[in-house]
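Structure data follow from model37.cif (mmCIF, C-alpha atoms and all ligand atoms):
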```cif
data_query
#
loop_
_atom_site.group_PDB
_atom_site.id
_atom_site.type_symbol
_atom_site.label_atom_id
_atom_site.label_comp_id
_atom_site.auth_asym_id
_atom_site.auth_seq_id
_atom_site.Cartn_x
_atom_site.Cartn_y
_atom_site.Cartn_z
ATOM 1 C CA MET B 1 33.184 216.875 -74.880
ATOM 2 C CA ARG B 2 29.908 215.764 -76.476
ATOM 3 C CA ALA B 3 27.512 214.023 -74.072
ATOM 4 C CA LEU B 4 26.504 210.511 -75.076
ATOM 5 C CA LEU B 5 23.843 210.377 -72.379
ATOM 6 C CA GLU B 6 22.041 213.449 -71.115
ATOM 7 C CA LEU B 7 19.280 213.781 -68.536
ATOM 8 C CA GLN B 8 17.553 217.130 -68.354
ATOM 9 C CA GLU B 9 15.299 218.006 -65.394
ATOM 10 C CA VAL B 10 14.222 214.383 -65.049
ATOM 11 C CA VAL B 11 11.390 213.727 -62.630
ATOM 12 C CA ARG B 12 10.039 210.238 -61.892
ATOM 13 C CA SER B 13 7.024 209.589 -59.702
ATOM 14 C CA TYR B 14 5.267 206.358 -58.859
ATOM 15 C CA GLY B 15 1.658 207.073 -57.991
ATOM 16 C CA GLY B 16 1.805 210.199 -55.876
ATOM 17 C CA SER B 17 5.315 209.524 -54.678
ATOM 18 C CA ARG B 18 8.184 211.411 -56.333
ATOM 19 C CA VAL B 19 11.464 209.464 -56.469
ATOM 20 C CA LEU B 20 13.605 211.683 -58.730
ATOM 21 C CA HIS B 21 13.351 215.428 -58.398
ATOM 22 C CA GLY B 22 14.628 217.141 -61.538
ATOM 23 C CA VAL B 23 17.922 215.330 -62.200
ATOM 24 C CA ASN B 24 20.415 216.851 -64.649
ATOM 25 C CA LEU B 25 23.254 214.599 -65.681
ATOM 26 C CA THR B 26 25.626 214.104 -68.607
ATOM 27 C CA VAL B 27 27.969 211.225 -69.397
ATOM 28 C CA ALA B 28 30.476 211.643 -72.218
ATOM 29 C CA PRO B 29 32.445 208.899 -73.992
ATOM 30 C CA GLY B 30 35.327 207.784 -71.771
ATOM 31 C CA GLN B 31 33.677 209.091 -68.587
ATOM 32 C CA CYS B 32 32.233 207.276 -65.609
ATOM 33 C CA VAL B 33 29.537 208.788 -63.423
ATOM 34 C CA ALA B 34 28.754 206.961 -60.185
ATOM 35 C CA LEU B 35 25.371 207.141 -58.488
ATOM 36 C CA THR B 36 25.495 206.669 -54.748
ATOM 37 C CA GLY B 37 22.912 206.989 -52.003
ATOM 38 C CA SER B 38 21.026 204.928 -49.493
ATOM 39 C CA ASN B 39 18.611 202.090 -50.264
ATOM 40 C CA GLY B 40 15.525 203.425 -51.971
ATOM 41 C CA SER B 41 17.064 206.760 -52.957
ATOM 42 C CA GLY B 42 16.307 206.195 -56.652
ATOM 43 C CA LYS B 43 19.536 204.870 -58.191
ATOM 44 C CA SER B 44 17.979 201.913 -60.012
ATOM 45 C CA THR B 45 15.092 204.090 -61.127
ATOM 46 C CA LEU B 46 17.526 206.559 -62.647
ATOM 47 C CA LEU B 47 19.398 203.720 -64.380
ATOM 48 C CA ARG B 48 16.181 202.336 -65.903
ATOM 49 C CA LEU B 49 15.378 205.790 -67.260
ATOM 50 C CA ALA B 50 18.931 206.173 -68.585
ATOM 51 C CA ALA B 51 18.635 202.809 -70.360
ATOM 52 C CA GLY B 52 15.306 203.787 -71.904
ATOM 53 C CA ARG B 53 13.442 201.045 -70.068
ATOM 54 C CA GLU B 54 11.140 203.548 -68.386
ATOM 55 C CA ARG B 55 10.023 207.029 -69.331
ATOM 56 C CA PRO B 56 10.387 210.013 -67.035
ATOM 57 C CA THR B 57 7.254 211.568 -65.582
ATOM 58 C CA SER B 58 8.662 214.823 -66.909
ATOM 59 C CA GLY B 59 11.991 215.964 -68.302
ATOM 60 C CA THR B 60 14.114 214.516 -71.077
ATOM 61 C CA VAL B 61 16.545 211.638 -71.544
ATOM 62 C CA LEU B 62 18.767 211.925 -74.623
ATOM 63 C CA PHE B 63 21.091 209.294 -76.067
ATOM 64 C CA ASP B 64 23.536 210.650 -78.617
ATOM 65 C CA GLY B 65 21.308 213.705 -78.995
ATOM 66 C CA ALA B 66 18.054 211.822 -79.685
ATOM 67 C CA SER B 67 15.202 210.984 -77.326
ATOM 68 C CA MET B 68 16.124 207.761 -75.500
ATOM 69 C CA ASP B 69 14.030 204.731 -76.420
ATOM 70 C CA GLY B 70 15.272 201.376 -75.154
ATOM 71 C CA ASP B 71 13.395 199.572 -77.935
ATOM 72 C CA GLU B 72 15.263 201.355 -80.746
ATOM 73 C CA PRO B 73 17.664 199.001 -82.575
ATOM 74 C CA ALA B 74 20.428 201.645 -82.515
ATOM 75 C CA VAL B 75 20.036 202.013 -78.749
ATOM 76 C CA ARG B 76 19.949 198.259 -78.153
ATOM 77 C CA ALA B 77 23.132 197.928 -80.215
ATOM 78 C CA ALA B 78 24.964 200.646 -78.305
ATOM 79 C CA VAL B 79 23.826 200.282 -74.691
ATOM 80 C CA ALA B 80 24.841 197.328 -72.524
ATOM 81 C CA THR B 81 23.303 196.881 -69.091
ATOM 82 C CA VAL B 82 23.840 194.795 -65.995
ATOM 83 C CA MET B 83 20.588 195.410 -64.193
ATOM 84 C CA ASP B 84 18.512 192.252 -64.102
ATOM 85 C CA VAL B 85 19.420 189.822 -61.423
ATOM 86 C CA ASP B 86 17.905 186.744 -63.021
ATOM 87 C CA ALA B 87 18.115 187.379 -66.766
ATOM 88 C CA PHE B 88 18.915 183.772 -67.657
ATOM 89 C CA TYR B 89 17.573 181.021 -69.832
ATOM 90 C CA PRO B 90 17.581 178.218 -67.256
ATOM 91 C CA ASP B 91 18.406 175.534 -69.823
ATOM 92 C CA LEU B 92 21.347 177.199 -71.578
ATOM 93 C CA THR B 93 24.894 176.798 -70.313
ATOM 94 C CA VAL B 94 27.136 179.734 -69.448
ATOM 95 C CA ARG B 95 29.013 179.332 -72.748
ATOM 96 C CA GLU B 96 25.761 179.100 -74.714
ATOM 97 C CA HIS B 97 24.454 182.282 -73.068
ATOM 98 C CA LEU B 98 27.560 184.215 -73.943
ATOM 99 C CA MET B 99 27.589 182.852 -77.517
ATOM 100 C CA LEU B 100 23.962 183.846 -77.923
ATOM 101 C CA VAL B 101 24.684 187.395 -76.774
ATOM 102 C CA ALA B 102 27.849 187.693 -78.872
ATOM 103 C CA LEU B 103 26.188 186.394 -82.051
ATOM 104 C CA ALA B 104 23.023 188.443 -81.559
ATOM 105 C CA HIS B 105 25.200 191.534 -81.300
ATOM 106 C CA GLY B 106 26.978 190.800 -84.553
ATOM 107 C CA LEU B 107 30.332 189.341 -83.523
ATOM 108 C CA GLY B 108 30.063 186.620 -86.200
ATOM 109 C CA ALA B 109 33.282 184.689 -86.734
ATOM 110 C CA THR B 110 34.971 186.414 -83.786
ATOM 111 C CA ALA B 111 32.285 185.350 -81.292
ATOM 112 C CA ARG B 112 33.978 182.112 -80.260
ATOM 113 C CA ASP B 113 37.261 183.828 -79.359
ATOM 114 C CA ALA B 114 35.467 186.684 -77.595
ATOM 115 C CA VAL B 115 33.469 184.216 -75.513
ATOM 116 C CA ALA B 116 36.584 182.200 -74.640
ATOM 117 C CA GLU B 117 38.258 185.410 -73.466
ATOM 118 C CA ALA B 118 35.181 186.445 -71.454
ATOM 119 C CA LEU B 119 34.986 183.020 -69.810
ATOM 120 C CA THR B 120 38.618 183.223 -68.734
ATOM 121 C CA GLY B 121 38.472 186.871 -67.678
ATOM 122 C CA HIS B 122 35.407 186.295 -65.496
ATOM 123 C CA HIS B 123 36.629 183.025 -63.894
ATOM 124 C CA LEU B 124 33.976 181.040 -65.732
ATOM 125 C CA ALA B 125 36.166 178.808 -67.885
ATOM 126 C CA ASP B 126 35.827 175.820 -65.544
ATOM 127 C CA HIS B 127 32.065 176.357 -65.329
ATOM 128 C CA ALA B 128 31.316 177.075 -68.983
ATOM 129 C CA ASP B 129 29.227 173.955 -69.478
ATOM 130 C CA LEU B 130 27.047 174.432 -66.395
ATOM 131 C CA VAL B 131 23.587 176.002 -66.400
ATOM 132 C CA PRO B 132 23.211 179.234 -64.368
ATOM 133 C CA SER B 133 21.423 177.538 -61.463
ATOM 134 C CA ALA B 134 24.519 175.407 -60.880
ATOM 135 C CA LEU B 135 26.750 178.460 -60.403
ATOM 136 C CA SER B 136 27.564 180.116 -57.103
ATOM 137 C CA SER B 137 25.900 183.516 -56.733
ATOM 138 C CA GLY B 138 29.227 185.307 -57.266
ATOM 139 C CA LEU B 139 29.802 183.426 -60.512
ATOM 140 C CA ARG B 140 26.244 184.193 -61.640
ATOM 141 C CA GLN B 141 27.124 187.864 -61.183
ATOM 142 C CA GLN B 142 30.316 187.267 -63.189
ATOM 143 C CA MET B 143 28.187 185.749 -65.936
ATOM 144 C CA LEU B 144 25.948 188.832 -66.063
ATOM 145 C CA LEU B 145 29.039 191.036 -66.266
ATOM 146 C CA ALA B 146 30.595 188.823 -68.951
ATOM 147 C CA ALA B 147 27.408 189.051 -71.020
ATOM 148 C CA ALA B 148 27.677 192.843 -71.003
ATOM 149 C CA PHE B 149 31.424 193.014 -71.646
ATOM 150 C CA VAL B 150 31.417 190.396 -74.425
ATOM 151 C CA ARG B 151 29.213 192.494 -76.717
ATOM 152 C CA PRO B 152 30.075 195.801 -78.384
ATOM 153 C CA HIS B 153 28.663 198.924 -76.721
ATOM 154 C CA ASP B 154 29.257 202.649 -76.316
ATOM 155 C CA LEU B 155 27.406 203.088 -73.019
ATOM 156 C CA LEU B 156 27.548 200.671 -70.090
ATOM 157 C CA ILE B 157 24.874 200.934 -67.392
ATOM 158 C CA VAL B 158 25.571 198.857 -64.309
ATOM 159 C CA ASP B 159 23.526 198.531 -61.130
ATOM 160 C CA GLU B 160 25.638 197.573 -58.124
ATOM 161 C CA PRO B 161 28.033 195.474 -60.216
ATOM 162 C CA GLU B 162 30.037 194.667 -57.083
ATOM 163 C CA GLN B 163 27.212 192.705 -55.517
ATOM 164 C CA ARG B 164 28.045 189.118 -54.555
ATOM 165 C CA LEU B 165 31.682 189.509 -55.677
ATOM 166 C CA ASP B 166 34.539 188.783 -53.279
ATOM 167 C CA ALA B 167 37.261 191.353 -52.589
ATOM 168 C CA ALA B 168 39.617 190.110 -55.316
ATOM 169 C CA ALA B 169 36.826 190.031 -57.891
ATOM 170 C CA ARG B 170 35.773 193.565 -56.914
ATOM 171 C CA ARG B 171 39.322 194.787 -57.495
ATOM 172 C CA GLU B 172 39.357 193.075 -60.903
ATOM 173 C CA LEU B 173 36.030 194.677 -61.715
ATOM 174 C CA ALA B 174 37.411 198.122 -60.851
ATOM 175 C CA ASP B 175 40.422 197.520 -63.129
ATOM 176 C CA ARG B 176 38.185 196.253 -65.916
ATOM 177 C CA LEU B 177 35.869 199.257 -65.711
ATOM 178 C CA ALA B 178 38.830 201.660 -65.669
ATOM 179 C CA ARG B 179 40.338 200.016 -68.775
ATOM 180 C CA HIS B 180 36.965 200.067 -70.441
ATOM 181 C CA LYS B 181 36.572 203.760 -69.783
ATOM 182 C CA ALA B 182 40.047 204.396 -71.183
ATOM 183 C CA GLN B 183 38.850 202.762 -74.407
ATOM 184 C CA GLY B 184 36.158 205.423 -74.733
ATOM 185 C CA VAL B 185 33.092 203.714 -73.273
ATOM 186 C CA ALA B 186 30.729 205.892 -71.212
ATOM 187 C CA ILE B 187 29.771 204.304 -67.885
ATOM 188 C CA LEU B 188 26.860 205.030 -65.567
ATOM 189 C CA MET B 189 27.142 202.968 -62.403
ATOM 190 C CA ALA B 190 25.060 202.728 -59.246
ATOM 191 C CA THR B 191 27.131 201.418 -56.390
ATOM 192 C CA HIS B 192 27.457 201.140 -52.626
ATOM 193 C CA ASN B 193 31.184 200.455 -52.922
ATOM 194 C CA ASP B 194 33.495 203.388 -52.135
ATOM 195 C CA GLN B 195 36.566 201.701 -53.604
ATOM 196 C CA LEU B 196 34.823 201.250 -56.930
ATOM 197 C CA VAL B 197 33.833 204.919 -56.915
ATOM 198 C CA GLU B 198 37.383 205.966 -56.128
ATOM 199 C CA ALA B 199 38.925 203.710 -58.770
ATOM 200 C CA VAL B 200 36.579 204.431 -61.656
ATOM 201 C CA ALA B 201 34.289 207.440 -61.205
ATOM 202 C CA ASP B 202 35.064 210.833 -62.690
ATOM 203 C CA ARG B 203 32.025 212.313 -61.006
ATOM 204 C CA VAL B 204 29.632 211.208 -58.299
ATOM 205 C CA MET B 205 25.946 211.975 -58.009
ATOM 206 C CA ARG B 206 24.618 211.294 -54.555
ATOM 207 C CA LEU B 207 20.888 210.689 -54.449
ATOM 208 C CA ALA B 208 18.886 211.261 -51.309
ATOM 209 C CA ALA B 209 15.167 211.482 -50.685
ATOM 210 C CA GLY B 210 14.088 214.768 -52.211
ATOM 211 C CA GLN B 211 17.447 215.981 -53.473
ATOM 212 C CA HIS B 212 20.696 215.140 -55.215
ATOM 213 C CA THR B 213 24.201 216.525 -54.907
ATOM 214 C CA GLU B 214 27.168 216.166 -57.206
ATOM 215 C CA SER B 215 30.886 216.010 -56.651
ATOM 216 C CA ALA B 216 34.086 215.118 -58.478
ATOM 217 C CA GLY B 217 35.206 211.473 -58.257
ATOM 218 C CA ASP B 218 37.606 212.392 -55.448
ATOM 219 C CA GLY B 219 34.757 213.822 -53.367
ATOM 220 C CA ARG B 220 35.374 217.528 -54.165
ATOM 221 C CA GLU B 221 32.292 219.618 -54.777
ATOM 222 C CA HIS B 222 31.621 219.878 -58.468
ATOM 223 C CA GLY B 223 29.223 222.797 -58.728
ATOM 224 C CA ASN B 224 26.537 222.563 -61.401
ATOM 225 C CA ALA B 225 28.573 220.892 -64.109
ATOM 226 C CA PHE B 226 26.202 217.918 -64.297
HETATM 227 N N1 LIG L 301 7.752 200.266 -60.302
HETATM 228 C C1 LIG L 301 7.682 200.922 -59.146
HETATM 229 N N2 LIG L 301 6.501 201.183 -58.575
HETATM 230 C C2 LIG L 301 6.404 201.857 -57.400
HETATM 231 N N3 LIG L 301 7.468 202.304 -56.705
HETATM 232 C C3 LIG L 301 8.681 202.063 -57.230
HETATM 233 C C4 LIG L 301 8.860 201.370 -58.468
HETATM 234 N N4 LIG L 301 10.188 201.303 -58.738
HETATM 235 C C5 LIG L 301 10.809 201.914 -57.705
HETATM 236 N N5 LIG L 301 9.908 202.378 -56.808
HETATM 237 C C6 LIG L 301 10.209 203.098 -55.558
HETATM 238 O O1 LIG L 301 11.151 204.106 -55.856
HETATM 239 C C7 LIG L 301 12.061 204.265 -54.770
HETATM 240 C C8 LIG L 301 13.473 204.184 -55.300
HETATM 241 O O2 LIG L 301 13.765 202.814 -55.633
HETATM 242 P P1 LIG L 301 15.109 202.400 -56.349
HETATM 243 O O3 LIG L 301 15.057 200.917 -56.543
HETATM 244 O O4 LIG L 301 15.322 203.247 -57.550
HETATM 245 O O5 LIG L 301 16.191 202.784 -55.242
HETATM 246 P P2 LIG L 301 17.732 202.407 -55.149
HETATM 247 O O6 LIG L 301 18.469 203.660 -54.770
HETATM 248 O O7 LIG L 301 18.192 201.711 -56.374
HETATM 249 O O8 LIG L 301 17.766 201.410 -53.913
HETATM 250 P P3 LIG L 301 18.794 200.198 -53.532
HETATM 251 O O9 LIG L 301 20.085 200.829 -53.091
HETATM 252 O O10 LIG L 301 18.063 199.522 -52.425
HETATM 253 O O11 LIG L 301 18.949 199.330 -54.753
HETATM 254 C C9 LIG L 301 11.695 203.213 -53.745
HETATM 255 O O12 LIG L 301 10.905 203.812 -52.755
HETATM 256 C C10 LIG L 301 10.884 202.214 -54.525
HETATM 257 O O13 LIG L 301 9.944 201.556 -53.739
#
```

Could you show the structure in this file as structure tokens?
Amino acid sequence: MRALLELQEVVRSYGGSRVLHGVNLTVAPGQCVALTGSNGSGKSTLLRLAAGRERPTSGTVLFDGASMDGDEPAVRAAVATVMDVDAFYPDLTVREHLMLVALAHGLGATARDAVAEALTGHHLADHADLVPSALSSGLRQQMLLAAAFVRPHDLLIVDEPEQRLDAAARRELADRLARHKAQGVAILMATHNDQLVEAVADRVMRLAAGQHTESAGDGREHGNAF
């Protein structure tokens, strides 16, 4: 299957310190790759590179066969991320945020229905007219997820999407991601949650200081297929 996202020999250093050591990775439409590994192992760094928000020190990041640039309109239209913890306008309500995202991404006349569905699906319907600072931290995370799911995209990049969610919400998230994948979306997800990996990931890349190893989603060794 054609890769939508491809990392080839990606190295990322900060100052003299090397965080990623020649990562090779592909994600095809309808696939989920999970990144696991301890705090500081480089998961978020890899996600920023995959989203085109940072450039590798060396190596290549390709999106749909072209060099990844997060500023490109085609990339911004096709790649949804949940990476920024506090990406809110403090004076817009939850509903207004989601409408803004939906309209900016071209939903037009269907935006209102899509937002209503997102509010319900993410347990935000009763909080739609509150500003983000009035939400519990779990509901703020739901709002970030809703803002990604409400807009069209081909690639979803999520950094620890389970954070601040309770057990029931984590199960719902796993179901949502699995359905999403079945609809053909490519997913790259950093997570510390084994259940999420088991439920959604086709392959797992485990990052560790100085190295990375890959396996199938069920934990079997996966050779060099990344
Ligand atoms: N902009 C930066 N400047 C300098 N060092 C950085 C920068 N961004 C990340 N690092 C370093 O890179 C390493 C990897 O960080 P990263 O946030 O990618 O890890 P992570 O696996 O996502 O960790 P966690 O599980 O805690 O979220 C850390 O040592 C971090 O300090």

Residues within 9 Å of (31.2, 188.8, -65.4), file coordinates, counting only C-alpha atoms: what are they? Give the list as a list of chain:residue names.
B:Ala118, B:Leu119, B:Gly121, B:His122, B:His123, B:Leu124, B:Leu139, B:Arg140, B:Gln141, B:Gln142, B:Met143, B:Leu144, B:Leu145, B:Ala146, B:Ala147, B:Ala148, B:Phe149, B:Leu173

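With distances restricted to all atoms listed in the file, B:Lys43 is the closest residue to ligand LIG 301 (chain L) from B:Lys43, B:Arg48, B:Arg170, B:Arg164.
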
Counting all atoms listed in the file, what are the residues of chain B within 8 Å of ligand LIG 301 (chain L), and for each of them which pair of atoms is the nearest and at what distance in Å, to one decimal? Sort the table by chain and rising number, as JSON lines.
```
{"residue": "B:Ser13", "atom": "CA", "partner": "L:LIG301", "partner_atom": "O1", "distance": 7.9}
{"residue": "B:Tyr14", "atom": "CA", "partner": "L:LIG301", "partner_atom": "C2", "distance": 4.9}
{"residue": "B:Gly15", "atom": "CA", "partner": "L:LIG301", "partner_atom": "C2", "distance": 7.1}
{"residue": "B:Ser17", "atom": "CA", "partner": "L:LIG301", "partner_atom": "N3", "distance": 7.8}
{"residue": "B:Arg18", "atom": "CA", "partner": "L:LIG301", "partner_atom": "O1", "distance": 7.9}
{"residue": "B:Val19", "atom": "CA", "partner": "L:LIG301", "partner_atom": "O1", "distance": 5.4}
{"residue": "B:Thr36", "atom": "CA", "partner": "L:LIG301", "partner_atom": "O6", "distance": 7.6}
{"residue": "B:Gly37", "atom": "CA", "partner": "L:LIG301", "partner_atom": "O6", "distance": 6.2}
{"residue": "B:Ser38", "atom": "CA", "partner": "L:LIG301", "partner_atom": "O9", "distance": 5.5}
{"residue": "B:Asn39", "atom": "CA", "partner": "L:LIG301", "partner_atom": "O10", "distance": 3.4}
{"residue": "B:Gly40", "atom": "CA", "partner": "L:LIG301", "partner_atom": "O5", "distance": 3.4}
{"residue": "B:Ser41", "atom": "CA", "partner": "L:LIG301", "partner_atom": "O6", "distance": 3.9}
{"residue": "B:Gly42", "atom": "CA", "partner": "L:LIG301", "partner_atom": "O4", "distance": 3.2}
{"residue": "B:Lys43", "atom": "CA", "partner": "L:LIG301", "partner_atom": "O6", "distance": 3.8}
{"residue": "B:Ser44", "atom": "CA", "partner": "L:LIG301", "partner_atom": "O7", "distance": 3.6}
{"residue": "B:Thr45", "atom": "CA", "partner": "L:LIG301", "partner_atom": "O4", "distance": 3.7}
{"residue": "B:Leu46", "atom": "CA", "partner": "L:LIG301", "partner_atom": "O4", "distance": 6.5}
{"residue": "B:Leu47", "atom": "CA", "partner": "L:LIG301", "partner_atom": "O4", "distance": 8.0}
{"residue": "B:Asp159", "atom": "CA", "partner": "L:LIG301", "partner_atom": "O7", "distance": 7.8}
{"residue": "B:Glu160", "atom": "CA", "partner": "L:LIG301", "partner_atom": "O11", "distance": 7.7}
{"residue": "B:Ala190", "atom": "CA", "partner": "L:LIG301", "partner_atom": "O7", "distance": 7.5}
{"residue": "B:Thr191", "atom": "CA", "partner": "L:LIG301", "partner_atom": "O9", "distance": 7.8}
{"residue": "B:His192", "atom": "CA", "partner": "L:LIG301", "partner_atom": "O9", "distance": 7.4}
{"residue": "B:Leu207", "atom": "CA", "partner": "L:LIG301", "partner_atom": "O6", "distance": 7.4}
```

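Counting all atoms listed in the file, the residue from B:Ala208, B:Ala128, B:Leu5, B:Val11 that sits nearest to Pro56 in chain B is B:Val11.
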
Name the residues captured by the PyMOL selection byres (((chain B and resi 31) around 12) and not hetatm) when it is applied to the shown file; answer as a ChimeraX atom specification.
/B:1-5,26-30,32-34,154-156,177-189,200-204,216-217

Distance of CA of Val101 in chain B from CA of Gly70 in chain B, expressed in Å to one decimal place
16.9 Å

Show which residues sit within 7 Å of Asp129 in chain B, as an mmCIF file with C-alpha atoms, in the frame of the given file. Count only C-alpha atoms, and ignore same-chain residues fewer than 2 positions away.
```cif
data_model
loop_
_atom_site.group_PDB
_atom_site.id
_atom_site.type_symbol
_atom_site.label_atom_id
_atom_site.label_comp_id
_atom_site.auth_asym_id
_atom_site.auth_seq_id
_atom_site.Cartn_x
_atom_site.Cartn_y
_atom_site.Cartn_z
ATOM 1 C CA THR B 93 24.894 176.798 -70.313
ATOM 2 C CA VAL B 94 27.136 179.734 -69.448
ATOM 3 C CA ARG B 95 29.013 179.332 -72.748
ATOM 4 C CA HIS B 127 32.065 176.357 -65.329
ATOM 5 C CA VAL B 131 23.587 176.002 -66.400
#
```

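CA of Phe63 in chain B sits 17.7 Å away from CA of Gly22 in chain B.
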
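Atom pair CA of Arg206 in chain B / CA of Leu35 in chain B has a distance of 5.8 Å (rounded to one decimal).
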
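Comparing B:Ala66, B:Gly106, B:Asp71, B:Gln195 by their smallest distance to Glu54 in chain B, the closest is B:Asp71 (using all atoms listed in the file).
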
Across B:Asp166, B:Phe88, B:Gly138, B:Val150, the smallest distance to Asp113 in chain B, with all atoms listed in the file counted, is shown by B:Val150

What would range 42-56 of chain B look like if you wrote it out as an mmCIF file, in the first residue's frame, with N, CA and C atoms included, from the block I just posted?
```cif
data_model
loop_
_atom_site.group_PDB
_atom_site.id
_atom_site.type_symbol
_atom_site.label_atom_id
_atom_site.label_comp_id
_atom_site.auth_asym_id
_atom_site.auth_seq_id
_atom_site.Cartn_x
_atom_site.Cartn_y
_atom_site.Cartn_z
ATOM 1 N N GLY B 42 11.707 10.840 22.839
ATOM 2 C CA GLY B 42 11.662 11.484 21.524
ATOM 3 C C GLY B 42 10.349 11.359 20.771
ATOM 4 N N LYS B 43 9.292 10.881 21.441
ATOM 5 C CA LYS B 43 8.014 10.678 20.752
ATOM 6 C C LYS B 43 7.447 11.987 20.213
ATOM 7 N N SER B 44 7.357 12.994 21.089
ATOM 8 C CA SER B 44 6.777 14.276 20.649
ATOM 9 C C SER B 44 7.636 14.918 19.574
ATOM 10 N N THR B 45 8.942 14.766 19.702
ATOM 11 C CA THR B 45 9.844 15.298 18.681
ATOM 12 C C THR B 45 9.530 14.669 17.333
ATOM 13 N N LEU B 46 9.379 13.343 17.338
ATOM 14 C CA LEU B 46 9.078 12.648 16.089
ATOM 15 C C LEU B 46 7.734 13.120 15.516
ATOM 16 N N LEU B 47 6.748 13.328 16.401
ATOM 17 C CA LEU B 47 5.441 13.793 15.922
ATOM 18 C C LEU B 47 5.545 15.193 15.309
ATOM 19 N N ARG B 48 6.313 16.073 15.916
ATOM 20 C CA ARG B 48 6.462 17.428 15.349
ATOM 21 C C ARG B 48 7.108 17.372 13.971
ATOM 22 N N LEU B 49 8.073 16.478 13.811
ATOM 23 C CA LEU B 49 8.705 16.312 12.496
ATOM 24 C C LEU B 49 7.699 15.748 11.498
ATOM 25 N N ALA B 50 6.901 14.768 11.960
ATOM 26 C CA ALA B 50 5.923 14.134 11.067
ATOM 27 C C ALA B 50 4.854 15.124 10.630
ATOM 28 N N ALA B 51 4.551 16.102 11.500
ATOM 29 C CA ALA B 51 3.535 17.107 11.173
ATOM 30 C C ALA B 51 4.122 18.282 10.394
ATOM 31 N N GLY B 52 5.422 18.256 10.176
ATOM 32 C CA GLY B 52 6.062 19.343 9.428
ATOM 33 C C GLY B 52 6.245 20.603 10.243
ATOM 34 N N ARG B 53 6.176 20.474 11.557
ATOM 35 C CA ARG B 53 6.347 21.658 12.415
ATOM 36 C C ARG B 53 7.806 21.929 12.724
ATOM 37 N N GLU B 54 8.623 20.902 12.548
ATOM 38 C CA GLU B 54 10.078 21.037 12.713
ATOM 39 C C GLU B 54 10.723 20.293 11.569
ATOM 40 N N ARG B 55 11.953 20.667 11.268
ATOM 41 C CA ARG B 55 12.697 19.966 10.213
ATOM 42 C C ARG B 55 13.695 19.001 10.849
ATOM 43 N N PRO B 56 13.939 17.880 10.203
ATOM 44 C CA PRO B 56 14.971 16.991 10.746
ATOM 45 C C PRO B 56 16.366 17.596 10.592
#
```
